[in-house]
$ cat run27.txt   # compact mmCIF, N, CA and C atoms
# COMPACT_ATOMS: atom_id res chain seq x y z
N MET A 731 107.51 112.01 84.21
CA MET A 731 106.56 110.92 84.28
C MET A 731 107.24 109.64 84.77
N GLU A 732 108.42 109.37 84.25
CA GLU A 732 109.15 108.17 84.65
C GLU A 732 109.53 108.23 86.13
N GLU A 733 109.90 109.41 86.58
CA GLU A 733 110.26 109.58 88.00
C GLU A 733 109.05 109.34 88.90
N GLU A 734 107.89 109.83 88.47
CA GLU A 734 106.66 109.62 89.24
C GLU A 734 106.31 108.14 89.31
N LEU A 735 106.51 107.42 88.20
CA LEU A 735 106.24 106.00 88.17
C LEU A 735 107.16 105.25 89.13
N LYS A 736 108.42 105.63 89.19
CA LYS A 736 109.35 105.00 90.14
C LYS A 736 108.91 105.24 91.58
N LYS A 737 108.49 106.48 91.89
CA LYS A 737 108.01 106.79 93.24
C LYS A 737 106.78 105.96 93.58
N PHE A 738 105.86 105.88 92.62
CA PHE A 738 104.62 105.12 92.83
C PHE A 738 104.94 103.64 93.07
N THR A 739 105.81 103.07 92.25
CA THR A 739 106.18 101.66 92.38
C THR A 739 106.82 101.40 93.74
N GLY A 740 107.70 102.29 94.17
CA GLY A 740 108.32 102.16 95.48
C GLY A 740 107.32 102.25 96.59
N ARG A 741 106.34 103.12 96.45
CA ARG A 741 105.30 103.29 97.47
C ARG A 741 104.45 102.01 97.58
N VAL A 742 104.09 101.43 96.44
CA VAL A 742 103.29 100.21 96.45
C VAL A 742 104.08 99.08 97.10
N GLN A 743 105.35 98.96 96.77
CA GLN A 743 106.17 97.91 97.36
C GLN A 743 106.32 98.10 98.86
N SER A 744 106.45 99.34 99.32
CA SER A 744 106.60 99.57 100.76
C SER A 744 105.29 99.29 101.48
N VAL A 745 104.15 99.51 100.83
CA VAL A 745 102.86 99.23 101.46
C VAL A 745 102.66 97.72 101.54
N GLU A 746 102.98 97.00 100.48
CA GLU A 746 102.77 95.56 100.49
C GLU A 746 103.76 94.84 101.39
N GLY A 747 104.97 95.34 101.51
CA GLY A 747 105.94 94.72 102.40
C GLY A 747 106.48 93.41 101.86
N ASP A 748 107.20 92.71 102.73
CA ASP A 748 107.85 91.45 102.36
C ASP A 748 107.19 90.27 103.04
N VAL A 749 105.90 90.24 103.07
CA VAL A 749 105.17 89.16 103.70
C VAL A 749 105.03 88.01 102.71
N GLU A 750 105.32 86.81 103.16
CA GLU A 750 105.21 85.63 102.31
C GLU A 750 103.84 85.00 102.49
N LEU A 751 103.22 84.64 101.38
CA LEU A 751 101.96 83.93 101.43
C LEU A 751 102.23 82.45 101.67
N PRO A 752 101.31 81.74 102.31
CA PRO A 752 101.51 80.31 102.53
C PRO A 752 101.70 79.58 101.20
N ALA A 753 102.51 78.53 101.23
CA ALA A 753 102.76 77.76 100.02
C ALA A 753 101.45 77.25 99.44
N GLY A 754 101.25 77.44 98.16
CA GLY A 754 100.06 76.97 97.48
C GLY A 754 98.85 77.87 97.64
N TYR A 755 98.97 78.95 98.40
CA TYR A 755 97.82 79.84 98.61
C TYR A 755 97.64 80.74 97.41
N LYS A 756 96.46 80.72 96.87
CA LYS A 756 96.14 81.59 95.73
C LYS A 756 95.15 82.64 96.24
N PRO A 757 95.55 83.92 96.24
CA PRO A 757 94.63 84.95 96.73
C PRO A 757 93.33 84.96 95.92
N PRO A 758 92.21 85.10 96.60
CA PRO A 758 90.92 85.12 95.90
C PRO A 758 90.70 86.43 95.15
N LYS A 759 89.69 86.45 94.33
CA LYS A 759 89.28 87.70 93.69
C LYS A 759 88.40 88.43 94.69
N PHE A 760 88.79 89.64 95.01
CA PHE A 760 88.05 90.43 95.98
C PHE A 760 87.06 91.34 95.27
N GLU A 761 85.96 91.64 95.94
CA GLU A 761 85.06 92.67 95.46
C GLU A 761 85.78 94.00 95.64
N MET A 762 85.70 94.86 94.65
CA MET A 762 86.46 96.09 94.67
C MET A 762 85.67 97.22 95.34
N PHE A 763 86.36 97.96 96.19
CA PHE A 763 85.78 99.12 96.86
C PHE A 763 86.31 100.36 96.16
N ASP A 764 85.41 101.18 95.63
CA ASP A 764 85.82 102.36 94.88
C ASP A 764 85.54 103.67 95.62
N ALA A 765 85.37 103.60 96.92
CA ALA A 765 85.15 104.76 97.78
C ALA A 765 83.73 105.30 97.70
N THR A 766 82.81 104.55 97.09
CA THR A 766 81.44 105.04 97.02
C THR A 766 80.46 104.16 97.78
N GLY A 767 80.88 103.01 98.25
CA GLY A 767 79.98 102.12 98.96
C GLY A 767 80.18 102.20 100.47
N ASP A 768 79.67 101.22 101.14
CA ASP A 768 79.79 101.12 102.59
C ASP A 768 81.11 100.44 102.93
N PRO A 769 82.02 101.13 103.63
CA PRO A 769 83.32 100.54 103.93
C PRO A 769 83.22 99.31 104.84
N LYS A 770 82.20 99.26 105.70
CA LYS A 770 82.03 98.09 106.57
C LYS A 770 81.70 96.85 105.75
N VAL A 771 80.90 97.03 104.73
CA VAL A 771 80.57 95.90 103.85
C VAL A 771 81.83 95.42 103.15
N ASN A 772 82.66 96.36 102.69
CA ASN A 772 83.90 95.97 102.03
C ASN A 772 84.79 95.17 102.98
N LEU A 773 84.95 95.65 104.20
CA LEU A 773 85.78 94.92 105.17
C LEU A 773 85.22 93.54 105.46
N ARG A 774 83.92 93.45 105.61
CA ARG A 774 83.29 92.15 105.91
C ARG A 774 83.52 91.17 104.77
N THR A 775 83.24 91.59 103.53
CA THR A 775 83.41 90.68 102.40
C THR A 775 84.89 90.35 102.18
N TYR A 776 85.75 91.32 102.44
CA TYR A 776 87.19 91.07 102.32
C TYR A 776 87.63 89.99 103.30
N CYS A 777 87.27 90.15 104.56
CA CYS A 777 87.67 89.18 105.59
C CYS A 777 87.08 87.80 105.33
N ASP A 778 85.85 87.77 104.83
CA ASP A 778 85.21 86.49 104.53
C ASP A 778 85.96 85.71 103.45
N LYS A 779 86.61 86.42 102.55
CA LYS A 779 87.34 85.76 101.46
C LYS A 779 88.74 85.31 101.86
N LEU A 780 89.18 85.66 103.05
CA LEU A 780 90.55 85.32 103.46
C LEU A 780 90.66 83.96 104.13
N VAL A 781 89.73 83.09 103.86
CA VAL A 781 89.81 81.73 104.39
C VAL A 781 91.08 81.10 103.83
N GLY A 782 91.83 80.47 104.67
CA GLY A 782 93.06 79.83 104.20
C GLY A 782 94.32 80.50 104.73
N VAL A 783 94.20 81.74 105.21
CA VAL A 783 95.38 82.40 105.77
C VAL A 783 95.25 82.54 107.29
N GLY A 784 94.16 82.04 107.82
CA GLY A 784 93.97 82.11 109.26
C GLY A 784 93.85 83.53 109.74
N LYS A 785 94.48 83.81 110.85
CA LYS A 785 94.39 85.15 111.42
C LYS A 785 95.72 85.88 111.29
N ASP A 786 96.44 85.62 110.24
CA ASP A 786 97.73 86.27 110.01
C ASP A 786 97.49 87.71 109.60
N GLU A 787 97.72 88.64 110.53
CA GLU A 787 97.44 90.05 110.28
C GLU A 787 98.28 90.62 109.15
N GLN A 788 99.51 90.18 109.05
CA GLN A 788 100.39 90.72 108.02
C GLN A 788 99.88 90.38 106.62
N ILE A 789 99.35 89.17 106.47
CA ILE A 789 98.80 88.79 105.17
C ILE A 789 97.52 89.57 104.90
N CYS A 790 96.69 89.73 105.92
CA CYS A 790 95.46 90.52 105.76
C CYS A 790 95.80 91.93 105.29
N MET A 791 96.83 92.50 105.90
CA MET A 791 97.23 93.86 105.55
C MET A 791 97.84 93.92 104.15
N LYS A 792 98.61 92.92 103.80
CA LYS A 792 99.27 92.92 102.50
C LYS A 792 98.25 92.81 101.36
N LEU A 793 97.26 91.96 101.53
CA LEU A 793 96.31 91.71 100.46
C LEU A 793 95.20 92.76 100.37
N PHE A 794 95.04 93.58 101.41
CA PHE A 794 93.92 94.51 101.46
C PHE A 794 93.87 95.44 100.26
N MET A 795 95.01 95.91 99.81
CA MET A 795 94.99 96.85 98.69
C MET A 795 94.45 96.23 97.41
N ARG A 796 94.39 94.90 97.36
CA ARG A 796 93.83 94.23 96.19
C ARG A 796 92.31 94.33 96.14
N SER A 797 91.71 94.83 97.22
CA SER A 797 90.26 95.01 97.24
C SER A 797 89.86 96.46 96.99
N LEU A 798 90.84 97.30 96.69
CA LEU A 798 90.57 98.73 96.53
C LEU A 798 90.81 99.16 95.09
N THR A 799 90.09 100.20 94.70
CA THR A 799 90.27 100.78 93.37
C THR A 799 89.94 102.27 93.44
N GLY A 800 90.36 103.00 92.46
CA GLY A 800 90.02 104.42 92.38
C GLY A 800 90.52 105.23 93.56
N ASP A 801 89.63 106.06 94.13
CA ASP A 801 90.01 106.95 95.23
C ASP A 801 90.43 106.20 96.48
N SER A 802 89.82 105.05 96.74
CA SER A 802 90.20 104.30 97.94
C SER A 802 91.61 103.73 97.79
N LEU A 803 91.97 103.28 96.60
CA LEU A 803 93.34 102.80 96.37
C LEU A 803 94.33 103.95 96.48
N ALA A 804 93.98 105.09 95.93
CA ALA A 804 94.87 106.26 96.02
C ALA A 804 95.08 106.64 97.49
N TRP A 805 94.02 106.61 98.28
CA TRP A 805 94.15 106.90 99.71
C TRP A 805 95.09 105.90 100.38
N TYR A 806 94.90 104.63 100.10
CA TYR A 806 95.69 103.57 100.73
C TYR A 806 97.18 103.73 100.41
N ILE A 807 97.46 103.98 99.15
CA ILE A 807 98.86 104.10 98.73
C ILE A 807 99.51 105.35 99.32
N SER A 808 98.72 106.37 99.59
CA SER A 808 99.28 107.60 100.15
C SER A 808 99.61 107.48 101.64
N GLN A 809 99.19 106.40 102.27
CA GLN A 809 99.42 106.22 103.70
C GLN A 809 100.83 105.71 103.99
N ASN A 810 101.29 105.97 105.19
CA ASN A 810 102.56 105.42 105.64
C ASN A 810 102.28 104.06 106.26
N PRO A 811 102.71 102.97 105.62
CA PRO A 811 102.36 101.64 106.12
C PRO A 811 102.97 101.32 107.49
N LYS A 812 103.98 102.05 107.89
CA LYS A 812 104.62 101.79 109.18
C LYS A 812 103.72 102.17 110.36
N LYS A 813 102.72 103.01 110.11
CA LYS A 813 101.83 103.40 111.20
C LYS A 813 100.83 102.29 111.53
N TRP A 814 100.69 101.33 110.63
CA TRP A 814 99.77 100.23 110.85
C TRP A 814 100.54 99.01 111.36
N VAL A 815 100.54 98.84 112.65
CA VAL A 815 101.23 97.71 113.26
C VAL A 815 100.32 96.48 113.24
N HIS A 816 99.03 96.72 113.37
CA HIS A 816 98.05 95.63 113.42
C HIS A 816 96.95 95.86 112.39
N TRP A 817 96.29 94.79 112.01
CA TRP A 817 95.18 94.84 111.08
C TRP A 817 94.10 95.79 111.58
N VAL A 818 93.81 95.76 112.88
CA VAL A 818 92.76 96.59 113.44
C VAL A 818 93.05 98.07 113.23
N SER A 819 94.30 98.48 113.36
CA SER A 819 94.63 99.90 113.17
C SER A 819 94.43 100.31 111.71
N MET A 820 94.79 99.43 110.79
CA MET A 820 94.59 99.74 109.38
C MET A 820 93.11 99.77 109.04
N ALA A 821 92.36 98.80 109.52
CA ALA A 821 90.92 98.75 109.24
C ALA A 821 90.21 99.95 109.86
N SER A 822 90.64 100.37 111.04
CA SER A 822 90.04 101.55 111.69
C SER A 822 90.29 102.81 110.89
N ASP A 823 91.52 102.98 110.40
CA ASP A 823 91.83 104.14 109.55
C ASP A 823 90.98 104.13 108.28
N PHE A 824 90.83 102.96 107.71
CA PHE A 824 90.02 102.82 106.50
C PHE A 824 88.57 103.22 106.78
N LEU A 825 88.01 102.71 107.87
CA LEU A 825 86.63 103.04 108.23
C LEU A 825 86.48 104.53 108.52
N ASP A 826 87.47 105.11 109.22
CA ASP A 826 87.41 106.54 109.52
C ASP A 826 87.42 107.37 108.24
N ARG A 827 88.25 106.98 107.29
CA ARG A 827 88.38 107.74 106.05
C ARG A 827 87.10 107.71 105.21
N PHE A 828 86.44 106.54 105.17
CA PHE A 828 85.29 106.39 104.28
C PHE A 828 83.95 106.28 105.02
N ARG A 829 83.93 106.64 106.29
CA ARG A 829 82.69 106.53 107.06
C ARG A 829 81.61 107.48 106.56
N PHE A 830 82.01 108.57 105.92
CA PHE A 830 81.02 109.52 105.40
C PHE A 830 80.09 108.85 104.40
N ASN A 831 80.52 107.79 103.77
CA ASN A 831 79.67 107.10 102.80
C ASN A 831 78.37 106.63 103.46
N LYS A 832 78.47 106.24 104.73
CA LYS A 832 77.32 105.71 105.43
C LYS A 832 76.63 106.77 106.29
N GLU A 833 77.42 107.61 106.95
CA GLU A 833 76.87 108.56 107.91
C GLU A 833 76.18 109.75 107.27
N ASN A 834 76.71 110.25 106.20
CA ASN A 834 76.17 111.46 105.58
C ASN A 834 75.48 111.12 104.27
N ALA A 835 74.32 110.53 104.38
CA ALA A 835 73.57 110.20 103.17
C ALA A 835 73.31 111.47 102.39
N PRO A 836 73.43 111.42 101.06
CA PRO A 836 73.23 112.63 100.27
C PRO A 836 71.80 113.14 100.38
N VAL A 837 71.68 114.42 100.31
CA VAL A 837 70.36 115.02 100.31
C VAL A 837 69.71 114.66 98.98
N VAL A 838 68.58 113.99 99.06
CA VAL A 838 67.92 113.50 97.85
C VAL A 838 67.63 114.63 96.87
N PHE A 839 67.21 115.75 97.38
CA PHE A 839 66.88 116.88 96.51
C PHE A 839 68.11 117.31 95.69
N TYR A 840 69.26 117.40 96.35
CA TYR A 840 70.48 117.81 95.65
C TYR A 840 70.83 116.81 94.55
N ILE A 841 70.80 115.54 94.87
CA ILE A 841 71.15 114.51 93.89
C ILE A 841 70.15 114.51 92.73
N GLN A 842 68.88 114.67 93.06
CA GLN A 842 67.87 114.68 92.00
C GLN A 842 68.04 115.86 91.05
N ASN A 843 68.59 116.94 91.55
CA ASN A 843 68.73 118.14 90.73
C ASN A 843 70.06 118.25 90.00
N LEU A 844 70.91 117.25 90.11
CA LEU A 844 72.14 117.27 89.33
C LEU A 844 71.76 117.08 87.86
N LYS A 845 72.07 118.04 87.08
CA LYS A 845 71.71 118.01 85.66
C LYS A 845 72.93 117.71 84.80
N LYS A 846 72.68 117.07 83.69
CA LYS A 846 73.74 116.81 82.73
C LYS A 846 74.10 118.12 82.04
N LYS A 847 75.39 118.42 82.03
CA LYS A 847 75.85 119.63 81.35
C LYS A 847 75.82 119.40 79.84
N PRO A 848 75.54 120.45 79.09
CA PRO A 848 75.46 120.29 77.62
C PRO A 848 76.78 119.80 77.01
N THR A 849 77.88 120.09 77.67
CA THR A 849 79.18 119.74 77.10
C THR A 849 79.68 118.36 77.52
N GLU A 850 78.94 117.65 78.38
CA GLU A 850 79.44 116.35 78.84
C GLU A 850 78.62 115.20 78.26
N THR A 851 79.30 114.06 78.10
CA THR A 851 78.62 112.86 77.62
C THR A 851 77.80 112.28 78.77
N PHE A 852 76.94 111.35 78.44
CA PHE A 852 76.16 110.72 79.51
C PHE A 852 77.07 109.98 80.47
N ARG A 853 78.10 109.36 79.95
CA ARG A 853 79.06 108.63 80.80
C ARG A 853 79.75 109.59 81.78
N GLU A 854 80.14 110.76 81.29
CA GLU A 854 80.77 111.77 82.15
C GLU A 854 79.79 112.25 83.23
N TYR A 855 78.54 112.45 82.81
CA TYR A 855 77.50 112.86 83.77
C TYR A 855 77.30 111.79 84.84
N ALA A 856 77.22 110.53 84.42
CA ALA A 856 77.03 109.43 85.38
C ALA A 856 78.21 109.33 86.34
N THR A 857 79.41 109.52 85.84
CA THR A 857 80.60 109.48 86.68
C THR A 857 80.57 110.63 87.68
N ARG A 858 80.20 111.81 87.23
CA ARG A 858 80.11 112.96 88.13
C ARG A 858 79.03 112.75 89.18
N TRP A 859 77.91 112.19 88.77
CA TRP A 859 76.82 111.92 89.71
C TRP A 859 77.26 110.92 90.77
N ARG A 860 77.95 109.87 90.35
CA ARG A 860 78.44 108.86 91.31
C ARG A 860 79.48 109.45 92.25
N ALA A 861 80.25 110.39 91.77
CA ALA A 861 81.25 111.02 92.64
C ALA A 861 80.59 111.95 93.66
N GLU A 862 79.49 112.58 93.29
CA GLU A 862 78.79 113.48 94.19
C GLU A 862 77.94 112.74 95.22
N ALA A 863 77.39 111.61 94.84
CA ALA A 863 76.45 110.90 95.71
C ALA A 863 77.02 110.57 97.09
N PRO A 864 78.27 110.12 97.22
CA PRO A 864 78.75 109.79 98.57
C PRO A 864 79.15 110.99 99.42
N LYS A 865 79.17 112.18 98.85
CA LYS A 865 79.64 113.35 99.60
C LYS A 865 78.64 113.77 100.62
$ encode --input "run27.txt" --output "structure tokens"
Amino acid sequence: MEEELKKFTGRVQSVEGDVELPAGYKPPKFEMFDATGDPKVNLRTYCDKLVGVGKDEQICMKLFMRSLTGDSLAWYISQNPKKWVHWVSMASDFLDRFRFNKENAPVVFYIQNLKKKPTETFREYATRWRAEAPK
């Protein structure tokens, strides 16, 4: 477990890089993307909150992981950050990975027929339903 934590910490540090934020700049609170919404909306709201850093691509790339959670964060951390030379390449990969959220709307009949299993709590059922909906 400790070895895995060291690997994870190293991966996060390599993704964030050694980019310096402008003096006095306090990163805003970003809306979190959990891999179930529209990735374009996440990118738009993310970029809108980056007022104060101008068009510095390295800062945009460094702070992006702060807008991700759950499966989207796991995807981001699993990527090789060296393949993203520009913000556009990273944003394109992100959109490609999560485009199914928008393109493949769930079949209403399937979602309506997801039943709660007798052995699961309502919270577990809701979590499973939310995980199935974007597929």
$ residues_around --input "run27.txt" --residues "segment 769-786 of chain A" --least-positions-apart "6" --cutoff "7 Å" --atoms "only N, CA and C atoms" --output "PyMOL selection string"
chain A and resi 752+758+760-761+763+824-825+828-829+831-832
$ closest_residue --input "run27.txt" --among "A:Ser819, A:Met762, A:Arg827, A:Ala856" --to "Ser797 of chain A" --atoms "all atoms listed in the file"
A:Met762
$ closest_residue --input "run27.txt" --among "A:Thr851, A:Thr766, A:Gln788, A:Ser802" --to "Val818 of chain A" --atoms "only C-alpha atoms"
A:Gln788
$ atom_distance --input "run27.txt" --atom1 "atom CA of Cys790 of chain A" --atom2 "atom C of His816 of chain A"
8.6 Å
$ atom_distance --input "run27.txt" --atom1 "atom C of Asp801 of chain A" --atom2 "atom C of Asp764 of chain A"
5.6 Å
$ build_atoms --input "run27.txt" --residues "segment 776-787 of chain A" --atoms "N, CA, C and O atoms" --output "compact mmCIF listing (two decimals), keeping the file's coordinate frame"
# COMPACT_ATOMS: atom_id res chain seq x y z
N TYR A 776 85.75 91.32 102.44
CA TYR A 776 87.19 91.07 102.32
C TYR A 776 87.63 89.99 103.30
O TYR A 776 88.28 89.02 102.92
N CYS A 777 87.27 90.15 104.56
CA CYS A 777 87.67 89.18 105.59
C CYS A 777 87.08 87.80 105.33
O CYS A 777 87.73 86.78 105.57
N ASP A 778 85.85 87.77 104.83
CA ASP A 778 85.21 86.49 104.53
C ASP A 778 85.96 85.71 103.45
O ASP A 778 85.95 84.49 103.44
N LYS A 779 86.61 86.42 102.55
CA LYS A 779 87.34 85.76 101.46
C LYS A 779 88.74 85.31 101.86
O LYS A 779 89.41 84.64 101.09
N LEU A 780 89.18 85.66 103.05
CA LEU A 780 90.55 85.32 103.46
C LEU A 780 90.66 83.96 104.13
O LEU A 780 91.61 83.70 104.86
N VAL A 781 89.73 83.09 103.86
CA VAL A 781 89.81 81.73 104.39
C VAL A 781 91.08 81.10 103.83
O VAL A 781 91.38 81.23 102.65
N GLY A 782 91.83 80.47 104.67
CA GLY A 782 93.06 79.83 104.20
C GLY A 782 94.32 80.50 104.73
O GLY A 782 95.39 79.92 104.70
N VAL A 783 94.20 81.74 105.21
CA VAL A 783 95.38 82.40 105.77
C VAL A 783 95.25 82.54 107.29
O VAL A 783 96.13 83.09 107.93
N GLY A 784 94.16 82.04 107.82
CA GLY A 784 93.97 82.11 109.26
C GLY A 784 93.85 83.53 109.74
O GLY A 784 93.23 84.37 109.10
N LYS A 785 94.48 83.81 110.85
CA LYS A 785 94.39 85.15 111.42
C LYS A 785 95.72 85.88 111.29
O LYS A 785 96.07 86.68 112.14
N ASP A 786 96.44 85.62 110.24
CA ASP A 786 97.73 86.27 110.01
C ASP A 786 97.49 87.71 109.60
O ASP A 786 97.11 88.00 108.46
N GLU A 787 97.72 88.64 110.53
CA GLU A 787 97.44 90.05 110.28
C GLU A 787 98.28 90.62 109.15
O GLU A 787 97.81 91.46 108.39
